[in-house]
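This is work.cif (mmCIF, C-alpha atoms).
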```cif
data_start
loop_
_atom_site.group_PDB
_atom_site.id
_atom_site.type_symbol
_atom_site.label_atom_id
_atom_site.label_comp_id
_atom_site.auth_asym_id
_atom_site.auth_seq_id
_atom_site.Cartn_x
_atom_site.Cartn_y
_atom_site.Cartn_z
ATOM 1 C CA MET A 1 -29.314 -37.904 9.053
ATOM 2 C CA ALA A 2 -31.409 -35.510 11.107
ATOM 3 C CA LYS A 3 -33.554 -35.981 14.181
ATOM 4 C CA SER A 4 -37.026 -34.599 14.679
ATOM 5 C CA LYS A 5 -38.224 -32.948 17.837
ATOM 6 C CA GLU A 6 -41.784 -33.315 19.014
ATOM 7 C CA ASN A 7 -42.796 -30.146 17.164
ATOM 8 C CA GLY A 8 -41.415 -31.579 13.913
ATOM 9 C CA ALA A 9 -38.394 -29.260 13.625
ATOM 10 C CA VAL A 10 -35.290 -30.911 12.175
ATOM 11 C CA VAL A 11 -32.198 -30.790 14.367
ATOM 12 C CA PHE A 12 -28.732 -32.363 14.274
ATOM 13 C CA SER A 13 -26.763 -33.968 17.090
ATOM 14 C CA ALA A 14 -23.109 -33.010 17.575
ATOM 15 C CA LEU A 15 -22.131 -36.323 15.971
ATOM 16 C CA GLU A 16 -24.303 -35.613 12.927
ATOM 17 C CA VAL A 17 -22.757 -32.132 12.658
ATOM 18 C CA ALA A 18 -19.300 -33.726 12.813
ATOM 19 C CA ASN A 19 -20.195 -36.201 10.055
ATOM 20 C CA ILE A 20 -21.630 -33.463 7.825
ATOM 21 C CA CYS A 21 -18.525 -31.301 8.296
ATOM 22 C CA GLY A 22 -16.057 -34.177 8.000
ATOM 23 C CA VAL A 23 -14.553 -33.768 11.465
ATOM 24 C CA VAL A 24 -14.476 -35.815 14.673
ATOM 25 C CA ASN A 25 -17.289 -35.489 17.223
ATOM 26 C CA GLN A 26 -15.121 -33.595 19.726
ATOM 27 C CA THR A 27 -14.366 -30.870 17.169
ATOM 28 C CA ALA A 28 -18.096 -30.227 16.673
ATOM 29 C CA ILE A 29 -18.578 -30.111 20.448
ATOM 30 C CA ASN A 30 -15.674 -27.650 20.747
ATOM 31 C CA TRP A 31 -17.247 -25.399 18.095
ATOM 32 C CA ILE A 32 -20.478 -25.393 20.103
ATOM 33 C CA LYS A 33 -18.801 -24.818 23.481
ATOM 34 C CA SER A 34 -16.732 -21.964 22.005
ATOM 35 C CA SER A 35 -19.937 -20.370 20.655
ATOM 36 C CA TYR A 36 -18.715 -20.604 17.061
ATOM 37 C CA LEU A 37 -21.691 -22.814 16.237
ATOM 38 C CA LYS A 38 -25.087 -21.915 17.687
ATOM 39 C CA ALA A 39 -26.729 -24.824 19.527
ATOM 40 C CA PHE A 40 -29.063 -25.673 22.401
ATOM 41 C CA LYS A 41 -29.101 -28.414 25.010
ATOM 42 C CA THR A 42 -31.773 -31.047 25.399
ATOM 43 C CA PRO A 43 -33.152 -31.780 28.901
ATOM 44 C CA GLY A 44 -30.722 -34.726 28.897
ATOM 45 C CA GLY A 45 -27.738 -32.408 28.317
ATOM 46 C CA GLN A 46 -27.132 -33.279 24.644
ATOM 47 C CA PHE A 47 -26.290 -30.575 22.097
ATOM 48 C CA ARG A 48 -28.627 -30.003 19.175
ATOM 49 C CA VAL A 49 -28.102 -27.735 16.158
ATOM 50 C CA TYR A 50 -30.739 -26.348 13.805
ATOM 51 C CA PRO A 51 -29.952 -26.855 10.092
ATOM 52 C CA GLU A 52 -30.100 -23.110 9.379
ATOM 53 C CA ASP A 53 -27.475 -22.444 12.076
ATOM 54 C CA LEU A 54 -25.225 -25.168 10.677
ATOM 55 C CA LEU A 55 -25.654 -23.750 7.176
ATOM 56 C CA GLN A 56 -24.632 -20.257 8.348
ATOM 57 C CA PHE A 57 -21.639 -21.688 10.227
ATOM 58 C CA MET A 58 -20.438 -23.653 7.185
ATOM 59 C CA LYS A 59 -20.954 -20.755 4.783
ATOM 60 C CA GLY A 60 -19.016 -18.452 7.097
ATOM 61 C CA ARG A 61 -16.035 -20.801 6.860
ATOM 62 C CA ASN A 62 -16.323 -21.435 3.098
ATOM 63 C CA MET A 63 -17.088 -25.109 3.723
ATOM 64 C CA ARG A 64 -18.777 -27.185 1.045
ATOM 65 C CA ILE A 65 -22.498 -27.444 1.805
ATOM 66 C CA PRO A 66 -23.888 -30.974 1.246
ATOM 67 C CA ALA A 67 -26.967 -31.222 -0.967
ATOM 68 C CA LYS A 68 -28.988 -32.859 1.831
ATOM 69 C CA LEU A 69 -28.412 -29.881 4.161
ATOM 70 C CA GLN A 70 -29.365 -27.472 1.366
ATOM 71 C CA GLU A 71 -32.587 -29.412 0.767
ATOM 72 C CA ILE A 72 -33.456 -29.372 4.480
ATOM 73 C CA CYS A 73 -32.909 -25.587 4.465
ATOM 74 C CA HIS A 74 -35.166 -25.309 1.367
ATOM 75 C CA ILE A 75 -32.392 -24.171 -0.952
ATOM 76 C CA LYS A 76 -33.114 -25.385 -4.463
ATOM 77 C CA VAL A 77 -30.305 -27.764 -5.374
ATOM 78 C CA LYS A 78 -28.814 -27.804 -8.862
ATOM 79 C CA THR A 79 -26.358 -30.551 -9.836
ATOM 80 C CA VAL A 80 -23.135 -29.493 -11.551
ATOM 81 C CA LEU A 81 -20.948 -32.161 -13.148
ATOM 82 C CA ILE A 82 -17.275 -31.250 -13.601
ATOM 83 C CA VAL A 83 -15.631 -33.372 -16.306
ATOM 84 C CA ASP A 84 -11.862 -32.853 -16.451
ATOM 85 C CA ASP A 85 -9.013 -35.376 -16.319
ATOM 86 C CA ASP A 86 -6.774 -32.803 -14.595
ATOM 87 C CA LYS A 87 -7.481 -34.044 -11.065
ATOM 88 C CA ALA A 88 -5.983 -30.980 -9.354
ATOM 89 C CA PHE A 89 -8.124 -28.562 -11.395
ATOM 90 C CA ASN A 90 -11.220 -30.739 -11.013
ATOM 91 C CA ASP A 91 -10.831 -30.931 -7.215
ATOM 92 C CA VAL A 92 -10.053 -27.216 -6.777
ATOM 93 C CA ALA A 93 -12.960 -26.213 -9.032
ATOM 94 C CA ALA A 94 -15.361 -28.513 -7.127
ATOM 95 C CA LYS A 95 -14.304 -27.104 -3.768
ATOM 96 C CA TYR A 96 -14.390 -23.480 -4.918
ATOM 97 C CA ILE A 97 -17.769 -23.695 -6.664
ATOM 98 C CA GLY A 98 -19.269 -25.651 -3.762
ATOM 99 C CA SER A 99 -18.178 -23.035 -1.241
ATOM 100 C CA HIS A 100 -19.111 -19.962 -3.307
ATOM 101 C CA LEU A 101 -22.519 -20.881 -4.714
ATOM 102 C CA GLU A 102 -25.635 -21.918 -2.824
ATOM 103 C CA GLY A 103 -27.886 -24.674 -4.056
ATOM 104 C CA ILE A 104 -25.138 -26.586 -5.872
ATOM 105 C CA ASP A 105 -24.461 -30.312 -5.664
ATOM 106 C CA ILE A 106 -21.085 -31.055 -7.260
ATOM 107 C CA GLN A 107 -20.305 -34.327 -9.016
ATOM 108 C CA GLN A 108 -16.900 -35.038 -10.533
ATOM 109 C CA ALA A 109 -15.798 -37.191 -13.464
ATOM 110 C CA PHE A 110 -12.236 -37.625 -14.698
ATOM 111 C CA ASP A 111 -12.929 -39.227 -18.096
ATOM 112 C CA GLY A 112 -15.710 -39.458 -20.656
ATOM 113 C CA PHE A 113 -16.960 -42.904 -19.610
ATOM 114 C CA GLU A 114 -17.341 -41.882 -15.970
ATOM 115 C CA ALA A 115 -19.064 -38.666 -17.097
ATOM 116 C CA GLY A 116 -21.640 -40.629 -19.102
ATOM 117 C CA SER A 117 -22.412 -42.852 -16.136
ATOM 118 C CA LEU A 118 -22.790 -39.896 -13.736
ATOM 119 C CA MET A 119 -24.951 -38.019 -16.238
ATOM 120 C CA GLN A 120 -27.400 -40.906 -16.442
ATOM 121 C CA LYS A 121 -27.484 -41.196 -12.652
ATOM 122 C CA TYR A 122 -27.739 -37.510 -11.644
ATOM 123 C CA LYS A 123 -29.113 -35.712 -14.742
ATOM 124 C CA PRO A 124 -27.052 -32.588 -13.948
ATOM 125 C CA GLY A 125 -28.404 -29.195 -14.880
ATOM 126 C CA ILE A 126 -24.913 -27.931 -15.774
ATOM 127 C CA VAL A 127 -21.854 -29.726 -17.162
ATOM 128 C CA LEU A 128 -18.374 -28.162 -17.047
ATOM 129 C CA LEU A 129 -16.627 -30.098 -19.804
ATOM 130 C CA ASP A 130 -12.973 -30.345 -20.811
ATOM 131 C CA LEU A 131 -12.568 -31.340 -24.470
ATOM 132 C CA ASP A 132 -9.247 -33.195 -24.133
ATOM 133 C CA LEU A 133 -10.309 -36.307 -22.192
ATOM 134 C CA PRO A 134 -9.083 -39.901 -22.102
ATOM 135 C CA GLY A 135 -11.516 -42.509 -23.424
ATOM 136 C CA ILE A 136 -14.433 -40.672 -25.003
ATOM 137 C CA ASN A 137 -13.190 -37.197 -25.918
ATOM 138 C CA GLY A 138 -15.135 -34.128 -24.872
ATOM 139 C CA LEU A 139 -16.532 -33.347 -28.313
ATOM 140 C CA ASN A 140 -17.941 -36.880 -28.680
ATOM 141 C CA LEU A 141 -19.381 -36.656 -25.161
ATOM 142 C CA LEU A 142 -20.963 -33.296 -26.009
ATOM 143 C CA LYS A 143 -22.541 -34.857 -29.107
ATOM 144 C CA ARG A 144 -23.961 -37.717 -26.983
ATOM 145 C CA ILE A 145 -25.291 -35.260 -24.394
ATOM 146 C CA ARG A 146 -27.204 -33.407 -27.107
ATOM 147 C CA GLU A 147 -28.470 -36.523 -28.906
ATOM 148 C CA SER A 148 -29.467 -38.725 -25.955
ATOM 149 C CA PRO A 149 -32.609 -38.134 -23.870
ATOM 150 C CA ASP A 150 -30.948 -40.190 -21.073
ATOM 151 C CA PHE A 151 -28.823 -37.192 -20.083
ATOM 152 C CA GLY A 152 -31.556 -34.587 -19.787
ATOM 153 C CA SER A 153 -30.803 -31.212 -21.378
ATOM 154 C CA PRO A 154 -27.986 -29.715 -19.319
ATOM 155 C CA LYS A 155 -26.325 -26.402 -20.006
ATOM 156 C CA VAL A 156 -22.760 -27.185 -21.129
ATOM 157 C CA ILE A 157 -19.785 -24.973 -20.402
ATOM 158 C CA ILE A 158 -16.590 -25.925 -22.232
ATOM 159 C CA ILE A 159 -13.267 -25.403 -20.465
ATOM 160 C CA THR A 160 -10.314 -26.205 -22.698
ATOM 161 C CA ALA A 161 -6.664 -25.477 -23.353
ATOM 162 C CA MET A 162 -7.010 -26.639 -26.965
ATOM 163 C CA GLU A 163 -6.597 -24.047 -29.700
ATOM 164 C CA ASP A 164 -8.844 -25.320 -32.480
ATOM 165 C CA THR A 165 -11.296 -22.930 -34.131
ATOM 166 C CA GLU A 166 -13.000 -25.776 -36.031
ATOM 167 C CA MET A 167 -13.664 -27.606 -32.770
ATOM 168 C CA GLU A 168 -15.004 -24.381 -31.233
ATOM 169 C CA LYS A 169 -17.445 -24.075 -34.155
ATOM 170 C CA GLN A 170 -18.572 -27.668 -33.624
ATOM 171 C CA CYS A 171 -19.086 -27.022 -29.898
ATOM 172 C CA ARG A 172 -21.191 -23.968 -30.632
ATOM 173 C CA SER A 173 -23.243 -25.939 -33.160
ATOM 174 C CA TYR A 174 -24.138 -28.321 -30.302
ATOM 175 C CA GLY A 175 -25.527 -25.444 -28.264
ATOM 176 C CA VAL A 176 -22.703 -24.855 -25.788
ATOM 177 C CA SER A 177 -23.721 -22.156 -23.314
ATOM 178 C CA TYR A 178 -20.210 -20.814 -22.760
ATOM 179 C CA LEU A 179 -16.635 -21.601 -23.836
ATOM 180 C CA PHE A 180 -13.651 -20.815 -21.585
ATOM 181 C CA LYS A 181 -10.014 -21.033 -22.661
ATOM 182 C CA LYS A 182 -7.530 -22.213 -20.037
ATOM 183 C CA PRO A 183 -6.120 -20.663 -18.021
ATOM 184 C CA VAL A 184 -9.457 -19.577 -16.588
ATOM 185 C CA THR A 185 -10.136 -18.238 -13.098
ATOM 186 C CA LEU A 186 -12.663 -19.857 -10.800
ATOM 187 C CA PRO A 187 -14.422 -16.528 -10.083
ATOM 188 C CA GLU A 188 -15.046 -16.250 -13.857
ATOM 189 C CA ILE A 189 -16.634 -19.716 -13.901
ATOM 190 C CA CYS A 190 -18.758 -18.929 -10.829
ATOM 191 C CA GLY A 191 -19.890 -15.685 -12.459
ATOM 192 C CA VAL A 192 -21.279 -17.653 -15.410
ATOM 193 C CA LEU A 193 -22.820 -20.336 -13.156
ATOM 194 C CA LYS A 194 -24.654 -17.652 -11.141
ATOM 195 C CA GLY A 195 -26.448 -16.648 -14.330
ATOM 196 C CA PHE A 196 -27.987 -20.109 -14.805
#
```

In structure tokens, what does this structure look like?
Amino acid sequence: MAKSKENGAVVFSALEVANICGVVNQTAINWIKSSYLKAFKTPGGQFRVYPEDLLQFMKGRNMRIPAKLQEICHIKVKTVLIVDDDKAFNDVAAKYIGSHLEGIDIQQAFDGFEAGSLMQKYKPGIVLLDLDLPGINGLNLLKRIRESPDFGSPKVIIITAMEDTEMEKQCRSYGVSYLFKKPVTLPEICGVLKGF
């Protein structure tokens, strides 16, 4: 992903910058030529960008920062798994959280089965969990999270539109860190995530 100079510093080519940002190579070159993105030229005339400069550029434009770039810049990465079958909410939440919090790697699941698979793979530190899910419902998934060592011990934040005080009591008995009722604002969610 990154190239090393003789002194060991990690740098990115314009093409690597483009791939990280999800744009074509020419767009990255245009950012550099327009002085939006700080870069230097090699003796061969190729542009190179330091990871820290790319990080600042992406943060300034509220772009999602990939976990690999955060690791290179020595930002401690925490994995957040968003589990919600409402695709629009899931996507908007992932984008918002990714652009507003440093050190976050976002994974998304749209049902309970997918969530279980991603939890085993990534061992997220935080799970944002909707209770009303297809397949395995959120309460059953929460129970599995708490009973299985395969999932680690993530902090669980419930986000639900369901009005069920008995279910809320059950969630709290499983050690839920926070419970949000929909509609909830993304700044509220980020405020809680910052505390973890």

Explicit residue set for the PyMOL selection byres ((chain A and resi 122) around 9), as a PDB file with C-alpha atoms, in the frame of the given file:
```
ATOM      1  CA  THR A  79     -26.358 -30.551  -9.836  1.00  0.00           C
ATOM      2  CA  LEU A  81     -20.948 -32.161 -13.148  1.00  0.00           C
ATOM      3  CA  GLN A 107     -20.305 -34.327  -9.016  1.00  0.00           C
ATOM      4  CA  SER A 117     -22.412 -42.852 -16.136  1.00  0.00           C
ATOM      5  CA  LEU A 118     -22.790 -39.896 -13.736  1.00  0.00           C
ATOM      6  CA  MET A 119     -24.951 -38.019 -16.238  1.00  0.00           C
ATOM      7  CA  GLN A 120     -27.400 -40.906 -16.442  1.00  0.00           C
ATOM      8  CA  LYS A 121     -27.484 -41.196 -12.652  1.00  0.00           C
ATOM      9  CA  LYS A 123     -29.113 -35.712 -14.742  1.00  0.00           C
ATOM     10  CA  PRO A 124     -27.052 -32.588 -13.948  1.00  0.00           C
ATOM     11  CA  GLY A 125     -28.404 -29.195 -14.880  1.00  0.00           C
ATOM     12  CA  PHE A 151     -28.823 -37.192 -20.083  1.00  0.00           C
TER      13      PHE A 151
END
```

Original post:
Rounded to one decimal in Å, what is the spacing between atom CA of Val156 of chain A and atom CA of Gln108 of chain A?
Top reply: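 Atom CA of Gln108 of chain A lies 14.4 Å from atom CA of Val156 of chain A.
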
Would you pick out the contacts of Thr27 of chain A at 12 Å or less, using all atoms listed in the file, so that residues sharing its chain but fewer than 3 positions from it are not included, and give the list as a compact mmCIF listing (two decimals) with C-alpha atoms, keeping the file's coordinate frame?
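Wrote it out as result_34.txt, contents follow:
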```
# COMPACT_ATOMS: atom_id res chain seq x y z
CA ALA A 14 -23.11 -33.01 17.58
CA LEU A 15 -22.13 -36.32 15.97
CA GLU A 16 -24.30 -35.61 12.93
CA VAL A 17 -22.76 -32.13 12.66
CA ALA A 18 -19.30 -33.73 12.81
CA ASN A 19 -20.20 -36.20 10.06
CA CYS A 21 -18.52 -31.30 8.30
CA GLY A 22 -16.06 -34.18 8.00
CA VAL A 23 -14.55 -33.77 11.46
CA VAL A 24 -14.48 -35.82 14.67
CA ASN A 30 -15.67 -27.65 20.75
CA TRP A 31 -17.25 -25.40 18.10
CA ILE A 32 -20.48 -25.39 20.10
CA LYS A 33 -18.80 -24.82 23.48
CA SER A 34 -16.73 -21.96 22.00
CA TYR A 36 -18.72 -20.60 17.06
CA LEU A 37 -21.69 -22.81 16.24
```

Shell around Leu129 of chain A at 7 Å using all atoms listed in the file, local window under 6 positions removed, as a CSV table (one decimal) with C-alpha atoms, keeping the file's coordinate frame:
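Saved as result_28.csv:
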```
chain,number,residue,atom,x,y,z
A,82,ILE,CA,-17.3,-31.2,-13.6
A,83,VAL,CA,-15.6,-33.4,-16.3
A,84,ASP,CA,-11.9,-32.9,-16.5
A,138,GLY,CA,-15.1,-34.1,-24.9
A,156,VAL,CA,-22.8,-27.2,-21.1
A,157,ILE,CA,-19.8,-25.0,-20.4
A,158,ILE,CA,-16.6,-25.9,-22.2
A,159,ILE,CA,-13.3,-25.4,-20.5
```

Between atom CA of Glu114 of chain A and atom CA of Pro149 of chain A, measure the distance and give it in Å to one decimal.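 Between atom CA of Glu114 of chain A and atom CA of Pro149 of chain A the gap is 17.6 Å.
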
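Here the PyMOL selection byres ((chain A and resi 174) around 8) matches the residues Leu142, Lys143, Arg146, Gln170, Cys171, Arg172, Ser173, Gly175 and Val176 of chain A.
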
Could you write out the selected residues, including C-alpha atoms, as a PDB file, keeping the file's coordinate frame?
```pdb
ATOM      1  CA  LEU A 142     -20.963 -33.296 -26.009  1.00  0.00           C
ATOM      2  CA  LYS A 143     -22.541 -34.857 -29.107  1.00  0.00           C
ATOM      3  CA  ARG A 146     -27.204 -33.407 -27.107  1.00  0.00           C
ATOM      4  CA  GLN A 170     -18.572 -27.668 -33.624  1.00  0.00           C
ATOM      5  CA  CYS A 171     -19.086 -27.022 -29.898  1.00  0.00           C
ATOM      6  CA  ARG A 172     -21.191 -23.968 -30.632  1.00  0.00           C
ATOM      7  CA  SER A 173     -23.243 -25.939 -33.160  1.00  0.00           C
ATOM      8  CA  GLY A 175     -25.527 -25.444 -28.264  1.00  0.00           C
ATOM      9  CA  VAL A 176     -22.703 -24.855 -25.788  1.00  0.00           C
TER      10      VAL A 176
END
```

Which of A:Glu71, A:Lys182, A:Val77, A:Ile65 sits closest to Lys95 of chain A [using all atoms listed in the file]
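So, comparing all the options, the nearest one is A:Ile65.
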
Worksheet item: Taking into account only C-alpha atoms, which residue in the set A:Ile75, A:Leu179, A:Leu54, A:Val80 is nearest to Phe196 of chain A?
Response: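 Counting only C-alpha atoms, the residue closest to Phe196 of chain A is A:Val80.
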
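Closest approach to Asp130 of chain A from the set A:Asp164, A:Asp86, A:Ser153, A:Ile145 is made by A:Asp86, with distances taken over all atoms listed in the file.
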
- Query: Separation of atom CA of Asn62 of chain A and atom CA of Glu102 of chain A, in Å?
  - Reply: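 Atom-to-atom, atom CA of Asn62 of chain A and atom CA of Glu102 of chain A are spaced 11.0 Å apart.
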
Check: Expanded to explicit residues, what is the PyMOL selection byres ((chain A and resi 73) around 12) for this file, as a ChimeraX atom specification?
Finding: /A:9-11,50-56,65-72,74-77,102-103

Spatial neighbours of Ser35 of chain A, 12 Å, only C-alpha atoms, chain gap at least 5 places, as a list in words
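Near neighbours after the sequence-gap exclusion: Ala28, Ile29, Asn30, Phe40, Val49, Asp53 and Phe57 of chain A.
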
If we count all atoms listed in the file and set the cut-off at 10 Å, which residues sit around Ile97 of chain A, ignoring sequence neighbours fewer than 2 positions away in its own chain? Please answer as a ChimeraX atom specification. /A:64,80,92-95,99-102,104-106,186-187,189-190,193

(Q) Within 10 Å of (-28.8, -35.5, 20.2) in the file's own coordinates, which protein, DNA or RNA residues have an atom, counting only C-alpha atoms? List them as number ranges by chain. (A) A: 2-4, 11-16, 41-42, 44-49

| Quick one: residues within 9 Å of Asn140 of chain A, only C-alpha atoms counted, chain neighbours fewer than 4 positions away excluded, as a PyMOL selection string? | chain A and resi 112+131+136+144-145

### Query
Looking at all atoms listed in the file, which of A:Leu141, A:Ala115, A:Ala39, A:Leu133 is the one that sits closest to Met162 of chain A?
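Closest candidate: A:Leu133.
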